[in-house]
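Engineer: Provided herewith is a single structure, encoded as structure tokens, for subsequent inquiry.
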Amino acid sequence: MLGFLARRLLYLVPVLLAVSLLTFLIASLLPGDLAYVILGDQATPEKVAALRHDMGLDQPIWWRYLGWLGHVLEGDLGRSFRTGQTVLQAVSERLPVSIELMLLAEGIGLLVGVPLAIACAARAGGAFDRFVTGTAFGMLSVPTFLSAILLIYLFAVELHLLPATGYVPLAEDPLANLRFFVLPALTLGLAEWPTIMRVLRSDMIATLQEDYVALARAKGLTPWRILFVHALKPSSLTLVTVTGINIGRLIGGAVIVESIFALPGIGRLIVGAIYTRDLVILQGAVLLVAAGFVVVNVIVDMLYAVLDPRIRHGHA
Amino acid sequence: MATLELGIRDKVVVAPARERSRGLGLLFWAAIAWIVIIFAVAILADLLPLPSPTDMDMLEKRAAFSAAHWLGTDGLGRDELARLIFGARSSLVVGLCAPVIGVVIGGALGVLAGYFRGRFETLVVGSQDVLLAFPPLILALAVTAYLGQSIFNLTLILGVLGIPAFTRVARAATLALSRREFVIAAQALGATHARILLRELLPNVLLPLTAFFLVGVAITIVGEGALSFLGLGVPPPEPSWGSMIGEGRESLDIAPRLAFLPAIAMFLSVLSFNLVGDRLRALTDPRQGTL
Amino acid sequence: MGAKIRARNVASIFLVAAFAAALAAAPASAQKQGGSITVGLELDIPGFDPLKVGVYDTSAETAAAAIFDTLTTLDDEGEPAPKLAVSWSHSDDFKTWTFKLRPGVKFHDGTPFNAQAVKENFDRQKDPANKCRCAFYVAYIHDVEAADEMTAVFHLNDPQVNLPALLSLQNTNEVMQSPTAWKTKGDDYSRNPVGTGPYILKSWIAGDRMVLEKNPDYWNKGHPYLDRIVLKPLPDAQSRFASLQSGEADIVWDDEADPDNIQRAQKDPKLTVHTYEGSGAQVSAFNTKTPPLDDVRVRQALVMALDRKKVSQAITNGLARPATNPYGDGSWVKCKDDGALPEDAEKAKALLKDYGKPVEFKMLVTATPRGRTIGQVYQQLWKRIGANVEIEQVDQATIPPRAFMRQFQLTPWRIVDLADPDPQMYANFHTGSPVALANYSDPELDRLLEHARTTADLDQRTEDYCAISRLINKQAIWFWSFQNTYYAISNARLKGLPKMYGGVIDVSDAWLD
């Protein structure tokens, strides 16, 4: 077990390095010379050259990368030239929002997807199964931005039930906070449940065909017990994996929802940094998001290993 | 790695006995019909007697259905039907070409990784992990900011973003097949790697890959839609369903059809590709389930 | 917006100063104390330190209007009125202005407001060691002297007749910030601004909201009325309007690119549409050094092809007001003949035929719905006269560098509403200026710009500016599409909003009915 863990953690290092290098390259290659952006109307060639020298922009790219990496390893991700905030400050202000959105969305996905999957697997091929799978299929074909707009139109503008945009920190007012999160979480959740349902359903159907389930049935165990104890548990592996992957993806990937619902999350921070050429924030935030994703994947892998002894013992 | 084993597990589903005897079903043929229709109009777009999709009749914005404009005009007075049809063309071009990049590069990498295993496999899987770690929208933004906006760049970025998924499918299929008897037999008979790859593995991997390719088309159309919605996709004035939805959003209460017509078109197309891909997957491997 | 010099102003203003609020034209409803409002801004605010942000955009100006005070403000007629300065006088050549400051004013951190504070504000911005982007805009000020504790003297490099009016804008150059605060807080000052204004910054969550609370020690007794102002950036136009409709926001910024919502609000008795017709215009600049735009016939043809009424109808439902010169109806510069080219597509086609060669070029637009729409409309109009224009979308941050590096053929730009046309006209058209985007040098144009800058006589200056307009229009080096019309939509209960001078939504003196 420890060996497995050590191997996975070791694997993290080159991946994170590669991620940091790629991020740095992307940020550095963005057009719109930073010096011009900062100097604005006073960008005379001499001033530009002077500023570039001051900021170290005239150094070769690999040198700048090593310099940045050095700072990162010391914990200094830099400061935005626009707002003066450190990257860590900017990200930590936004992280709770993204995490809450992601947890609520995944929660909705699970709340809807898991029961439906169980119900469908129990009567695979039946009318209910076909209806639900058909609907899931249909939902997969609806883009997030479209569901967002429709939900806003329905619940906020027409029915005045929920707020269209906005955010209140959880600590300040939990009830209001949840109200603001309903529509965005629902938008994402509606996109999450089909995948969860389908994967779990497939897995459970397969498990239900297995011999030991037939044995359980023959032994006279109730259908509920068979479903939950013998079928759901092994299938939980795939559930954990899918959920983990989704969570990792959602942290940085909910940009569209964040924009439409005006949620101050990390996705918007990164996109804003691209638009304003705030390269320090861009590099730092993307690095943190990517690193977070990789780490979450490793955690999921380890959970998978814990739950499935076959993997633990090196049959991966 | 464990997370990628998922690929194998979710393929193993037994089709209920009832399903198998049904054949392809009505929905399947409806989906095929829709795909044929949009292909036809997209290819024949120039020949059809339509007003130009970019000509603006500025005083006739958001006009209702009429003889001159069968589906009315959009927010700038352009013919809606023409834009829908030319939009189909944009969406299909990107929707088909981008997954080709994915299936060729991803498929090759996946098969090779699944067959040779070892260091190469770790490298491939590792680099996929690196790519997957990035929020895809960020990559798209960076590429368009750096290379400029065009259908070509759009296809490129969506294609590259799709590579990991195809690699995963190909590798999973290869891993499953490598343990089968016919491969072991070929190896015992002294066949070269190339021969095994090309003659034994590839034909069998092609089937799940093709099925996934169709799903990939569906995903790409949605992806292109999202990017165009944000203004990053097909550059104006070339119409695309995604940008039409984005533009129609501003008129949601005055003329909701401006957003809904392209939304329905996109939905039906995505659904159709998903359906066909899924049925093909069910057909090609009797052990695999339908929807 | 006139700017006449009345000698008796000095005395009367001194009297009026202490009773400024009471003497304002009595509103139909009495001001009510208390309550809180939420303002929906277009953009997120990066910070307030001029050294970090350079200049404020409209969203930051709204916040600045509440947190800071300026030396003067503009009254209903656009005339400068006292704020932190109670009176002012000038030398005959308009190069020296003396401001008497209001006594007993303190910054939110207790630092006293005096001439030394005024001096330090300007010194800091102008200091070349600070490399402030804001320095450019106060280059005309040579220095500010603290003659005595409550007297600040502005020594200018060139005469500026409208200095008091210019000082009323709530931008980085004009708002008074606490020297103690920036000295002690350093890098953190930008997000923790300290002013003398009616509201104090209570909390600020980046990208989400800024909460301002009533300043209990505000020098203008009885003001402000509201207990709290919440500022929220809502970049998405639809979401912003939806917030107003659902009641989450009490007032939102808007512009004519969102005409459906404006018109909807105009019909809604629960909403009020505030509008202000400012000077300046939305403009575009040709890079006259790149073919085919180096030929004046091509440029003139392109300008003549623009049917502004149709474009206004297409993009803004007719709300946008066509512009034929860089000043507009909101400016004191009124020209009998501004040299505008006729809108004539046939003539345009003829000019291009005369040119003979194919006309193809790229136009830069912002990667926003508005930018794309404008681009496509122009593209269409030019296609009709035979020119092939490709749209190049770039994000907002890329436009200034591309513009300054002259890496464009046609780029959008803006001339904003200011009390005086000189700063922008000089910057945009004088040879050698970094913002002289057209790459066009004309000694006569330079001469006119210099003359307009150094003359005190308004009629003379008007003549100069009209001649400048004729020259620019004839050579078609820049063109103007629409005048600046600023909008804000609010809940009908919100009162006390002054005219949106400079496009700024100023809620510092508002109240809820």
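In the structure tokens, each chain is lettered A, B, ... as it comes, each chain's residues begin at 1, and ligands are numbered from 1 in order of appearance.
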For a quick test of understanding: name the residues of chain C lying within 7 Å of chain A when counting only C-alpha atoms, and present them as a short mmCIF file (atom, residue, chain, number, x, y, z; two decimals) with C-alpha atoms, in the first residue's frame.
Structural biologist:
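New file selection39.cif:
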```
data_model
loop_
_atom_site.label_atom_id
_atom_site.label_comp_id
_atom_site.auth_asym_id
_atom_site.auth_seq_id
_atom_site.Cartn_x
_atom_site.Cartn_y
_atom_site.Cartn_z
CA PRO C 46 -8.81 46.59 -9.86
CA GLY C 47 -7.86 49.25 -7.35
CA LYS C 52 -1.07 50.97 -9.94
CA VAL C 53 -4.12 51.50 -12.14
CA ARG C 133 0.35 56.30 -16.33
CA PHE C 136 0.33 62.13 -18.97
CA ASP C 187 1.22 48.10 -1.96
CA ASP C 188 -1.96 47.43 -0.02
CA SER C 190 -4.77 50.32 -3.81
CA GLY C 207 -14.89 40.24 -8.34
CA ASP C 208 -17.95 40.14 -6.14
CA LEU C 234 -21.89 42.48 -13.44
CA ASP C 236 -22.86 40.35 -18.55
CA SER C 239 -27.57 39.32 -16.12
CA ALA C 242 -32.07 40.81 -14.88
CA SER C 243 -30.70 41.85 -11.48
CA SER C 246 -35.55 41.14 -9.89
CA ASP C 395 -9.74 41.15 -26.48
CA GLN C 396 -9.91 44.55 -24.90
CA ALA C 397 -6.42 44.37 -23.39
CA THR C 398 -4.84 43.87 -26.78
CA PRO C 400 -4.08 49.61 -26.59
CA PRO C 401 -0.78 47.84 -27.31
CA ARG C 402 -1.76 47.20 -30.92
CA PHE C 404 0.34 52.23 -29.69
CA PRO C 434 1.94 58.24 -28.66
CA VAL C 435 -1.80 58.29 -29.25
#
```
Engineer: Set out as a tab-separated table a contact list for chain B and chain C with a cut-off of 7 Å, giving each residue of chain B that qualifies its closest atom pair and distance in Å to one decimal, counting only C-alpha atoms, ordered by chain and rising residue number.
Structural biologist:
```
residue	atom	partner	partner_atom	distance
B:Asp55	CA	C:Gln380	CA	6.8
B:Met56	CA	C:Gln380	CA	7.0
B:Met58	CA	C:Ala314	CA	5.1
B:Leu59	CA	C:Ala314	CA	6.6
B:Lys61	CA	C:Ala314	CA	6.8
B:Leu76	CA	C:Ala314	CA	5.6
B:Gly231	CA	C:Ala367	CA	6.5
B:Pro236	CA	C:Gln376	CA	6.9
B:Pro237	CA	C:Gln376	CA	6.0
B:Glu250	CA	C:Gln238	CA	6.8
```
Engineer: Please return as a PyMOL selection string: the residues of segment 64-259 of chain B that backbone DSSP assigns to alpha helix (DSSP H).
Structural biologist: chain B and resi 80-101+107-116+118-133+136-147+151-178+181-188+193-195+202-229+241-248+257-259
Engineer: Report as a list in words: the residues of segment 57-143 of chain C with a DSSP assignment of strand (DSSP E or B), based on the backbone of this structure.
Structural biologist: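 In segment 57-143 of chain C, DSSP puts these residues in strand (DSSP E or B): Thr72, Thr73, Leu74, Pro80, Ala81, Pro82, Ala85, Val86, Ser87, Trp88, Ser89, His90, Thr96, Trp97, Thr98, Phe99, Lys100, Leu101, Lys106, Pro112, Ile141, His142 and Asp143 of chain C.
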Engineer: Include N, CA and C atoms and write out the residues we just selected as a PDB file, in the first residue's frame.
Structural biologist:
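As written to disk, out-v1.pdb reads:
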```
ATOM      1  N   THR C  72     -13.732  70.411  -7.055  1.00  0.00           N
ATOM      2  CA  THR C  72     -14.957  71.060  -7.519  1.00  0.00           C
ATOM      3  C   THR C  72     -15.946  69.999  -7.981  1.00  0.00           C
ATOM      4  N   THR C  73     -17.157  70.427  -8.248  1.00  0.00           N
ATOM      5  CA  THR C  73     -18.136  69.542  -8.842  1.00  0.00           C
ATOM      6  C   THR C  73     -18.876  70.353  -9.903  1.00  0.00           C
ATOM      7  N   LEU C  74     -19.655  69.700 -10.739  1.00  0.00           N
ATOM      8  CA  LEU C  74     -20.402  70.435 -11.758  1.00  0.00           C
ATOM      9  C   LEU C  74     -21.858  70.499 -11.345  1.00  0.00           C
ATOM     10  N   PRO C  80     -18.812  74.819 -12.857  1.00  0.00           N
ATOM     11  CA  PRO C  80     -18.106  74.323 -11.675  1.00  0.00           C
ATOM     12  C   PRO C  80     -18.664  74.939 -10.398  1.00  0.00           C
ATOM     13  N   ALA C  81     -18.833  74.103  -9.370  1.00  0.00           N
ATOM     14  CA  ALA C  81     -19.356  74.533  -8.080  1.00  0.00           C
ATOM     15  C   ALA C  81     -18.412  74.024  -6.998  1.00  0.00           C
ATOM     16  N   PRO C  82     -18.454  74.615  -5.840  1.00  0.00           N
ATOM     17  CA  PRO C  82     -17.486  74.240  -4.805  1.00  0.00           C
ATOM     18  C   PRO C  82     -17.691  72.829  -4.268  1.00  0.00           C
ATOM     19  N   ALA C  85     -12.899  72.662  -2.632  1.00  0.00           N
ATOM     20  CA  ALA C  85     -12.438  74.042  -2.776  1.00  0.00           C
ATOM     21  C   ALA C  85     -13.665  74.918  -2.651  1.00  0.00           C
ATOM     22  N   VAL C  86     -13.569  75.993  -1.896  1.00  0.00           N
ATOM     23  CA  VAL C  86     -14.764  76.832  -1.732  1.00  0.00           C
ATOM     24  C   VAL C  86     -14.788  77.984  -2.707  1.00  0.00           C
ATOM     25  N   SER C  87     -13.620  78.379  -3.185  1.00  0.00           N
ATOM     26  CA  SER C  87     -13.600  79.460  -4.173  1.00  0.00           C
ATOM     27  C   SER C  87     -12.304  79.384  -4.943  1.00  0.00           C
ATOM     28  N   TRP C  88     -12.280  80.074  -6.084  1.00  0.00           N
ATOM     29  CA  TRP C  88     -11.060  80.067  -6.880  1.00  0.00           C
ATOM     30  C   TRP C  88     -10.942  81.323  -7.708  1.00  0.00           C
ATOM     31  N   SER C  89      -9.723  81.617  -8.084  1.00  0.00           N
ATOM     32  CA  SER C  89      -9.483  82.770  -8.939  1.00  0.00           C
ATOM     33  C   SER C  89      -8.313  82.423  -9.839  1.00  0.00           C
ATOM     34  N   HIS C  90      -8.173  83.205 -10.887  1.00  0.00           N
ATOM     35  CA  HIS C  90      -7.117  82.888 -11.842  1.00  0.00           C
ATOM     36  C   HIS C  90      -6.381  84.141 -12.253  1.00  0.00           C
ATOM     37  N   THR C  96      -2.223  80.627 -13.950  1.00  0.00           N
ATOM     38  CA  THR C  96      -2.129  80.419 -12.508  1.00  0.00           C
ATOM     39  C   THR C  96      -3.519  80.435 -11.913  1.00  0.00           C
ATOM     40  N   TRP C  97      -3.860  79.412 -11.182  1.00  0.00           N
ATOM     41  CA  TRP C  97      -5.167  79.327 -10.539  1.00  0.00           C
ATOM     42  C   TRP C  97      -4.964  79.167  -9.042  1.00  0.00           C
ATOM     43  N   THR C  98      -5.704  79.950  -8.283  1.00  0.00           N
ATOM     44  CA  THR C  98      -5.603  79.876  -6.829  1.00  0.00           C
ATOM     45  C   THR C  98      -6.904  79.349  -6.260  1.00  0.00           C
ATOM     46  N   PHE C  99      -6.810  78.276  -5.494  1.00  0.00           N
ATOM     47  CA  PHE C  99      -8.000  77.659  -4.907  1.00  0.00           C
ATOM     48  C   PHE C  99      -7.982  77.818  -3.398  1.00  0.00           C
ATOM     49  N   LYS C 100      -9.070  78.335  -2.853  1.00  0.00           N
ATOM     50  CA  LYS C 100      -9.201  78.395  -1.395  1.00  0.00           C
ATOM     51  C   LYS C 100      -9.918  77.133  -0.956  1.00  0.00           C
ATOM     52  N   LEU C 101      -9.321  76.405  -0.025  1.00  0.00           N
ATOM     53  CA  LEU C 101      -9.870  75.112   0.348  1.00  0.00           C
ATOM     54  C   LEU C 101     -10.814  75.201   1.528  1.00  0.00           C
ATOM     55  N   LYS C 106     -11.621  66.311   7.079  1.00  0.00           N
ATOM     56  CA  LYS C 106     -10.647  65.271   7.430  1.00  0.00           C
ATOM     57  C   LYS C 106     -10.810  64.082   6.496  1.00  0.00           C
ATOM     58  N   PRO C 112      -5.763  65.506   8.308  1.00  0.00           N
ATOM     59  CA  PRO C 112      -6.466  66.720   7.887  1.00  0.00           C
ATOM     60  C   PRO C 112      -6.297  66.974   6.393  1.00  0.00           C
ATOM     61  N   ILE C 141      -0.043  70.610 -15.972  1.00  0.00           N
ATOM     62  CA  ILE C 141       0.166  71.262 -14.683  1.00  0.00           C
ATOM     63  C   ILE C 141       1.661  71.234 -14.390  1.00  0.00           C
ATOM     64  N   HIS C 142       2.224  72.384 -14.197  1.00  0.00           N
ATOM     65  CA  HIS C 142       3.646  72.413 -13.910  1.00  0.00           C
ATOM     66  C   HIS C 142       3.907  71.972 -12.475  1.00  0.00           C
ATOM     67  N   ASP C 143       3.201  72.595 -11.560  1.00  0.00           N
ATOM     68  CA  ASP C 143       3.274  72.116 -10.178  1.00  0.00           C
ATOM     69  C   ASP C 143       2.147  72.748  -9.368  1.00  0.00           C
TER      70      ASP C 143
END
```
Engineer: As an exercise, work out the distance from atom CA of Ile262 of chain C to atom CA of Thr58 of chain C in Å and give it to one decimal place.
Structural biologist: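 Atom CA of Thr58 of chain C lies at a distance of 18.7 Å from atom CA of Ile262 of chain C.
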Engineer: Tell me which protein, DNA and RNA residues are within 12 Å of Phe24 of chain A, counting only C-alpha atoms, leaving out same-chain ones fewer than 4 positions away, and put them as a list in words.
Structural biologist: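 The filter keeps Leu17, Ala18, Val19, Ser20, Ser28, Leu29, Leu30, Ile61, Trp62, Trp63, Arg64, Tyr65, Leu66, Gly67, Trp68, Leu69, Val72, Leu279, Val280, Ile281, Leu282, Gln283, Gly284, Ala285, Val286 and Leu287 of chain A; Ala142 of chain B.
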Engineer: With only C-alpha atoms as the basis for distance, which of B:Glu181, B:Asp129, B:Glu121, B:Glu224 is at the shortest distance from Ile245 of chain B?
Structural biologist: B:Glu224
Engineer: Please report the interatomic distance between atom CA of Leu51 of chain C and atom CA of Cys134 of chain C in Å with one decimal.
Structural biologist: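 Computing the Euclidean distance for atom CA of Leu51 of chain C and atom CA of Cys134 of chain C yields 7.5 Å.
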Engineer: In Å, how far is it from atom CA of Thr73 of chain B to atom CA of Pro256 of chain B?
Structural biologist: 12.2 Å
